[in-house]
Amino acid sequence: MTTIEEIIKPENLVYKKPTLMNDNPMHYCPGCSHGVVHKLIAEVIEEMGLEDKSVGISPVGCAVFIYNYLDIDWQEAAHGRAPALATAIKRLWPDRLVFTYQGDGDLACIGTAETIHALNRGENITIIFINNAIYGMTGGQMAPTTLMGMKTSTSPYGRDVHLHGYPLKITEIAAQLEGTAYVTRQSVQTVPAIRKAKKAIRKAFENSMNGKGSNLVEIVSTCSSGWKMTPAASNKWMEENMFPFYPLGDLKDKE
């Protein structure tokens, strides 16, 4: 009969909490994608041996709270300005892994200029872009990425192209810029998807450290509270509605 001591021996260990994730209880809503992406970032940094050389920049919105959970150096940026701050840090300390962690309202609205110009300059940074098509923290308002017909607190009858314009595909724009090395769109709603997302984050971080240019990793995500759905229903809605408009996969890879 197998004993518990045999089960938990290091050679039998198949899952553990990343050492860079601290013990603060996560405050995110049930079903939120943020916690999963936090774990992936922590794992990749640890596996690359960059614990003491990583600098993350978090702005405003739900994304800002990542500094409570990952034990690396952090700098908080004004709303939308994370890529500009990342540019300064990477230029001052080129041996550091520098990345931003931003939501769609922050990155694709107030931060559109900073995002596009940092990527176009080919700054050796990585932008991790959480796209749940809504402003999650501030009340579920329509975001630049909100889908056509999608209801939010500020578009209760659904997004109307004649009134609100079209959803912004920031990742497709990034793929056309000369300075970008790697641009990809992933998700984290299933185990295979999580594995692909981790691989994408690793590639982007390696590019940043190897001076290959700027990198954008979009994670199509859910917002159960903002969408007013259960976590399971949110995943199903995302797969049926978000993925057709925001298709997953690599959009650009200079290699």
# chains A, B, ... in the order shown; residues from 1 in each chain; ligands from 1
$ closest_atom_pairs --of "region 136-222 of chain A" --to "region 230-254 of chain A" --cutoff "12 Å" --atoms "only C-alpha atoms" --output "CSV"
residue,atom,partner,partner_atom,distance
A:Thr145,CA,A:Tyr246,CA,9.6
A:Thr146,CA,A:Met242,CA,9.4
A:Leu147,CA,A:Met242,CA,7.7
A:Met148,CA,A:Phe245,CA,9.7
A:Gly149,CA,A:Asn241,CA,10.7
A:Met150,CA,A:Asn241,CA,9.6
A:Tyr166,CA,A:Phe245,CA,11.5
A:Pro167,CA,A:Phe245,CA,9.3
A:Leu168,CA,A:Tyr246,CA,10.1
A:Lys169,CA,A:Tyr246,CA,7.6
A:Ile170,CA,A:Tyr246,CA,10.1
A:Thr171,CA,A:Leu251,CA,8.0
A:Glu172,CA,A:Leu251,CA,7.2
A:Ile173,CA,A:Leu251,CA,10.0
A:Ala174,CA,A:Lys252,CA,8.9
A:Ala175,CA,A:Lys252,CA,5.6
A:Gln176,CA,A:Lys252,CA,8.4
A:Leu177,CA,A:Lys252,CA,9.9
A:Glu178,CA,A:Lys254,CA,10.3
A:Gly179,CA,A:Lys254,CA,10.3
A:Thr180,CA,A:Lys252,CA,8.0
A:Ala181,CA,A:Lys254,CA,5.3
A:Tyr182,CA,A:Asp253,CA,4.6
A:Val183,CA,A:Lys252,CA,5.0
A:Thr184,CA,A:Asp250,CA,4.1
A:Arg185,CA,A:Leu248,CA,5.0
A:Gln186,CA,A:Leu248,CA,5.3
A:Ser187,CA,A:Leu248,CA,7.5
A:Val188,CA,A:Asn235,CA,9.6
A:Gln189,CA,A:Asn235,CA,6.5
A:Thr190,CA,A:Asn235,CA,9.2
A:Ala193,CA,A:Leu248,CA,9.7
A:Lys196,CA,A:Gly249,CA,9.1
A:Ala197,CA,A:Gly249,CA,9.6
A:Lys199,CA,A:Asp250,CA,11.4
A:Ala200,CA,A:Asp250,CA,8.6
A:Ile201,CA,A:Asp250,CA,11.8
A:Lys203,CA,A:Asp253,CA,9.8
A:Ala204,CA,A:Asp253,CA,9.9
A:Asn207,CA,A:Lys254,CA,10.1
A:Lys212,CA,A:Lys254,CA,8.7
A:Gly213,CA,A:Lys254,CA,9.6
A:Ser214,CA,A:Lys254,CA,10.9
A:Asn215,CA,A:Asp253,CA,9.4
A:Leu216,CA,A:Lys252,CA,9.7
A:Val217,CA,A:Asp250,CA,9.2
A:Glu218,CA,A:Leu248,CA,9.1
A:Ile219,CA,A:Leu248,CA,8.9
A:Val220,CA,A:Met242,CA,7.5
A:Ser221,CA,A:Met238,CA,7.4
A:Thr222,CA,A:Ser234,CA,6.0
$ select_by_dssp --residues "region 15-94 of chain A" --states "strand (DSSP E or B)" --output "list in words"
Met21, Ser54, Val55, Gly56, Ile57, Ser58, Leu70, Asp73, Trp74, Gln75 and Glu76 of chain A
$ write_last_selection --atoms "C-alpha atoms" --output "short mmCIF file (atom, residue, chain, number, x, y, z; two decimals), in the first residue's frame"
data_model
loop_
_atom_site.label_atom_id
_atom_site.label_comp_id
_atom_site.auth_asym_id
_atom_site.auth_seq_id
_atom_site.Cartn_x
_atom_site.Cartn_y
_atom_site.Cartn_z
CA MET A 21 3.43 33.72 -5.28
CA SER A 54 12.21 41.05 -12.98
CA VAL A 55 10.35 44.34 -12.87
CA GLY A 56 6.60 44.39 -13.42
CA ILE A 57 4.52 47.49 -14.10
CA SER A 58 0.85 47.49 -13.14
CA LEU A 70 3.87 38.12 -7.01
CA ASP A 73 9.88 44.30 -7.96
CA TRP A 74 6.84 46.35 -9.02
CA GLN A 75 6.15 49.87 -10.15
CA GLU A 76 2.63 51.26 -10.38
#
$ closest_residue --among "A:Ala143, A:Ala113, A:Phe205, A:Cys62" --to "Val44 (chain A)" --atoms "only C-alpha atoms"
A:Phe205
$ closest_residue --among "A:Thr126, A:Ser33, A:Asn22, A:Thr112" --to "Ser208 (chain A)" --atoms "only C-alpha atoms"
A:Thr126
$ closest_atom_pairs --of "region 21-110 of chain A" --to "region 225-228 of chain A" --cutoff "9 Å" --atoms "only C-alpha atoms" --output "CSV"
residue,atom,partner,partner_atom,distance
A:Cys29,CA,A:Ser225,CA,6.9
A:Pro30,CA,A:Ser225,CA,8.4
A:Gly31,CA,A:Ser225,CA,8.9
A:Cys32,CA,A:Ser225,CA,8.7
$ atom_distance --atom1 "CA of Asn124 (chain A)" --atom2 "CA of Met209 (chain A)"
7.2 Å
$ select_by_dssp --residues "region 19-102 of chain A" --states "alpha helix (DSSP H)" --output "ChimeraX atom specification"
/A:34-48,82-92
$ atom_distance --atom1 "CA of Leu20 (chain A)" --atom2 "CA of Glu46 (chain A)"
7.2 Å
$ atom_distance --atom1 "CA of Ile125 (chain A)" --atom2 "CA of Lys16 (chain A)"
28.1 Å
$ closest_residue --among "A:Met137, A:Leu107, A:Met229, A:Val98" --to "His27 (chain A)" --atoms "only C-alpha atoms"
A:Met137
$ closest_residue --among "A:Arg121, A:Lys17, A:Arg96, A:Lys53" --to "Asn210 (chain A)" --atoms "only C-alpha atoms"
A:Arg96
$ decode --residues "region 20-69 of chain A" --atoms "N, CA and C atoms" --output "short mmCIF file (atom, residue, chain, number, x, y, z; two decimals), in the first residue's frame"
data_model
loop_
_atom_site.label_atom_id
_atom_site.label_comp_id
_atom_site.auth_asym_id
_atom_site.auth_seq_id
_atom_site.Cartn_x
_atom_site.Cartn_y
_atom_site.Cartn_z
N LEU A 20 7.24 32.26 -6.15
CA LEU A 20 7.11 33.71 -6.24
C LEU A 20 5.73 34.21 -5.87
N MET A 21 4.77 33.31 -5.69
CA MET A 21 3.43 33.72 -5.28
C MET A 21 3.36 33.70 -3.76
N ASN A 22 3.04 34.86 -3.16
CA ASN A 22 3.00 34.93 -1.71
C ASN A 22 1.69 34.39 -1.16
N ASP A 23 1.51 34.52 0.15
CA ASP A 23 0.36 33.90 0.81
C ASP A 23 -0.83 34.83 1.00
N ASN A 24 -0.83 35.98 0.34
CA ASN A 24 -1.99 36.86 0.43
C ASN A 24 -3.21 36.21 -0.21
N PRO A 25 -4.34 36.15 0.48
CA PRO A 25 -5.55 35.58 -0.13
C PRO A 25 -5.97 36.42 -1.34
N MET A 26 -6.24 35.77 -2.46
CA MET A 26 -6.65 36.49 -3.66
C MET A 26 -8.08 37.02 -3.50
N HIS A 27 -8.28 38.25 -3.97
CA HIS A 27 -9.56 38.91 -3.82
C HIS A 27 -10.42 38.81 -5.06
N TYR A 28 -9.89 38.22 -6.14
CA TYR A 28 -10.61 38.22 -7.41
C TYR A 28 -11.93 37.46 -7.33
N CYS A 29 -12.87 37.85 -8.17
CA CYS A 29 -14.18 37.19 -8.20
C CYS A 29 -14.03 35.73 -8.66
N PRO A 30 -14.94 34.85 -8.25
CA PRO A 30 -14.90 33.46 -8.71
C PRO A 30 -14.94 33.40 -10.24
N GLY A 31 -14.05 32.60 -10.81
CA GLY A 31 -14.00 32.45 -12.26
C GLY A 31 -13.12 33.45 -12.97
N CYS A 32 -12.56 34.42 -12.24
CA CYS A 32 -11.73 35.44 -12.87
C CYS A 32 -10.45 34.82 -13.43
N SER A 33 -10.04 35.32 -14.58
CA SER A 33 -8.84 34.77 -15.24
C SER A 33 -7.54 35.32 -14.67
N HIS A 34 -7.59 36.40 -13.92
CA HIS A 34 -6.37 37.04 -13.45
C HIS A 34 -5.49 36.09 -12.64
N GLY A 35 -6.09 35.35 -11.71
CA GLY A 35 -5.29 34.48 -10.85
C GLY A 35 -4.51 33.44 -11.62
N VAL A 36 -5.12 32.90 -12.67
CA VAL A 36 -4.45 31.89 -13.48
C VAL A 36 -3.23 32.50 -14.18
N VAL A 37 -3.41 33.69 -14.75
CA VAL A 37 -2.31 34.34 -15.46
C VAL A 37 -1.20 34.73 -14.47
N HIS A 38 -1.58 35.16 -13.27
CA HIS A 38 -0.57 35.46 -12.24
C HIS A 38 0.33 34.24 -12.03
N LYS A 39 -0.30 33.09 -11.90
CA LYS A 39 0.45 31.86 -11.64
C LYS A 39 1.41 31.55 -12.79
N LEU A 40 0.95 31.73 -14.01
CA LEU A 40 1.80 31.45 -15.17
C LEU A 40 3.01 32.37 -15.20
N ILE A 41 2.80 33.65 -14.92
CA ILE A 41 3.92 34.59 -14.91
C ILE A 41 4.93 34.19 -13.84
N ALA A 42 4.43 33.84 -12.66
CA ALA A 42 5.32 33.44 -11.56
C ALA A 42 6.12 32.20 -11.95
N GLU A 43 5.48 31.23 -12.56
CA GLU A 43 6.16 30.01 -12.96
C GLU A 43 7.25 30.29 -13.99
N VAL A 44 6.93 31.10 -14.99
CA VAL A 44 7.90 31.38 -16.06
C VAL A 44 9.11 32.13 -15.51
N ILE A 45 8.88 33.13 -14.67
CA ILE A 45 10.00 33.87 -14.09
C ILE A 45 10.89 32.96 -13.27
N GLU A 46 10.28 32.09 -12.48
CA GLU A 46 11.05 31.16 -11.65
C GLU A 46 11.84 30.18 -12.53
N GLU A 47 11.20 29.65 -13.56
CA GLU A 47 11.88 28.69 -14.43
C GLU A 47 13.03 29.33 -15.21
N MET A 48 12.91 30.62 -15.50
CA MET A 48 13.98 31.33 -16.21
C MET A 48 15.08 31.81 -15.26
N GLY A 49 14.86 31.66 -13.97
CA GLY A 49 15.85 32.09 -12.99
C GLY A 49 16.00 33.59 -12.90
N LEU A 50 14.90 34.33 -13.12
CA LEU A 50 14.95 35.78 -13.16
C LEU A 50 14.23 36.43 -11.97
N GLU A 51 14.16 35.70 -10.87
CA GLU A 51 13.45 36.22 -9.70
C GLU A 51 13.96 37.58 -9.25
N ASP A 52 15.28 37.76 -9.30
CA ASP A 52 15.89 39.00 -8.81
C ASP A 52 16.12 40.02 -9.92
N LYS A 53 15.70 39.69 -11.15
CA LYS A 53 15.93 40.61 -12.27
C LYS A 53 14.63 40.97 -12.99
N SER A 54 13.51 40.76 -12.35
CA SER A 54 12.21 41.05 -12.98
C SER A 54 11.59 42.30 -12.40
N VAL A 55 11.06 43.13 -13.28
CA VAL A 55 10.35 44.34 -12.87
C VAL A 55 9.01 44.36 -13.60
N GLY A 56 7.92 44.32 -12.84
CA GLY A 56 6.60 44.39 -13.42
C GLY A 56 6.00 45.77 -13.24
N ILE A 57 5.20 46.20 -14.20
CA ILE A 57 4.52 47.49 -14.10
C ILE A 57 3.03 47.24 -14.19
N SER A 58 2.31 47.65 -13.16
CA SER A 58 0.85 47.49 -13.14
C SER A 58 0.21 48.87 -13.08
N PRO A 59 -0.89 49.07 -13.79
CA PRO A 59 -1.53 50.38 -13.87
C PRO A 59 -2.76 50.47 -12.97
N VAL A 60 -3.89 50.85 -13.55
CA VAL A 60 -5.14 51.03 -12.82
C VAL A 60 -6.13 49.96 -13.28
N GLY A 61 -7.05 49.58 -12.39
CA GLY A 61 -8.01 48.55 -12.71
C GLY A 61 -7.71 47.28 -11.93
N CYS A 62 -8.44 46.22 -12.20
CA CYS A 62 -8.21 44.96 -11.48
C CYS A 62 -6.77 44.49 -11.62
N ALA A 63 -6.13 44.79 -12.76
CA ALA A 63 -4.77 44.33 -13.01
C ALA A 63 -3.78 44.88 -12.00
N VAL A 64 -4.08 46.01 -11.38
CA VAL A 64 -3.12 46.63 -10.48
C VAL A 64 -2.78 45.73 -9.29
N PHE A 65 -3.69 44.88 -8.89
CA PHE A 65 -3.49 44.11 -7.66
C PHE A 65 -2.50 42.98 -7.80
N ILE A 66 -1.95 42.78 -8.99
CA ILE A 66 -0.96 41.72 -9.16
C ILE A 66 0.23 41.92 -8.23
N TYR A 67 0.52 43.18 -7.86
CA TYR A 67 1.68 43.40 -6.99
C TYR A 67 1.46 42.84 -5.59
N ASN A 68 0.21 42.53 -5.24
CA ASN A 68 -0.06 41.90 -3.95
C ASN A 68 0.29 40.42 -3.91
N TYR A 69 0.46 39.82 -5.09
CA TYR A 69 0.53 38.37 -5.15
C TYR A 69 1.84 37.82 -5.70
#
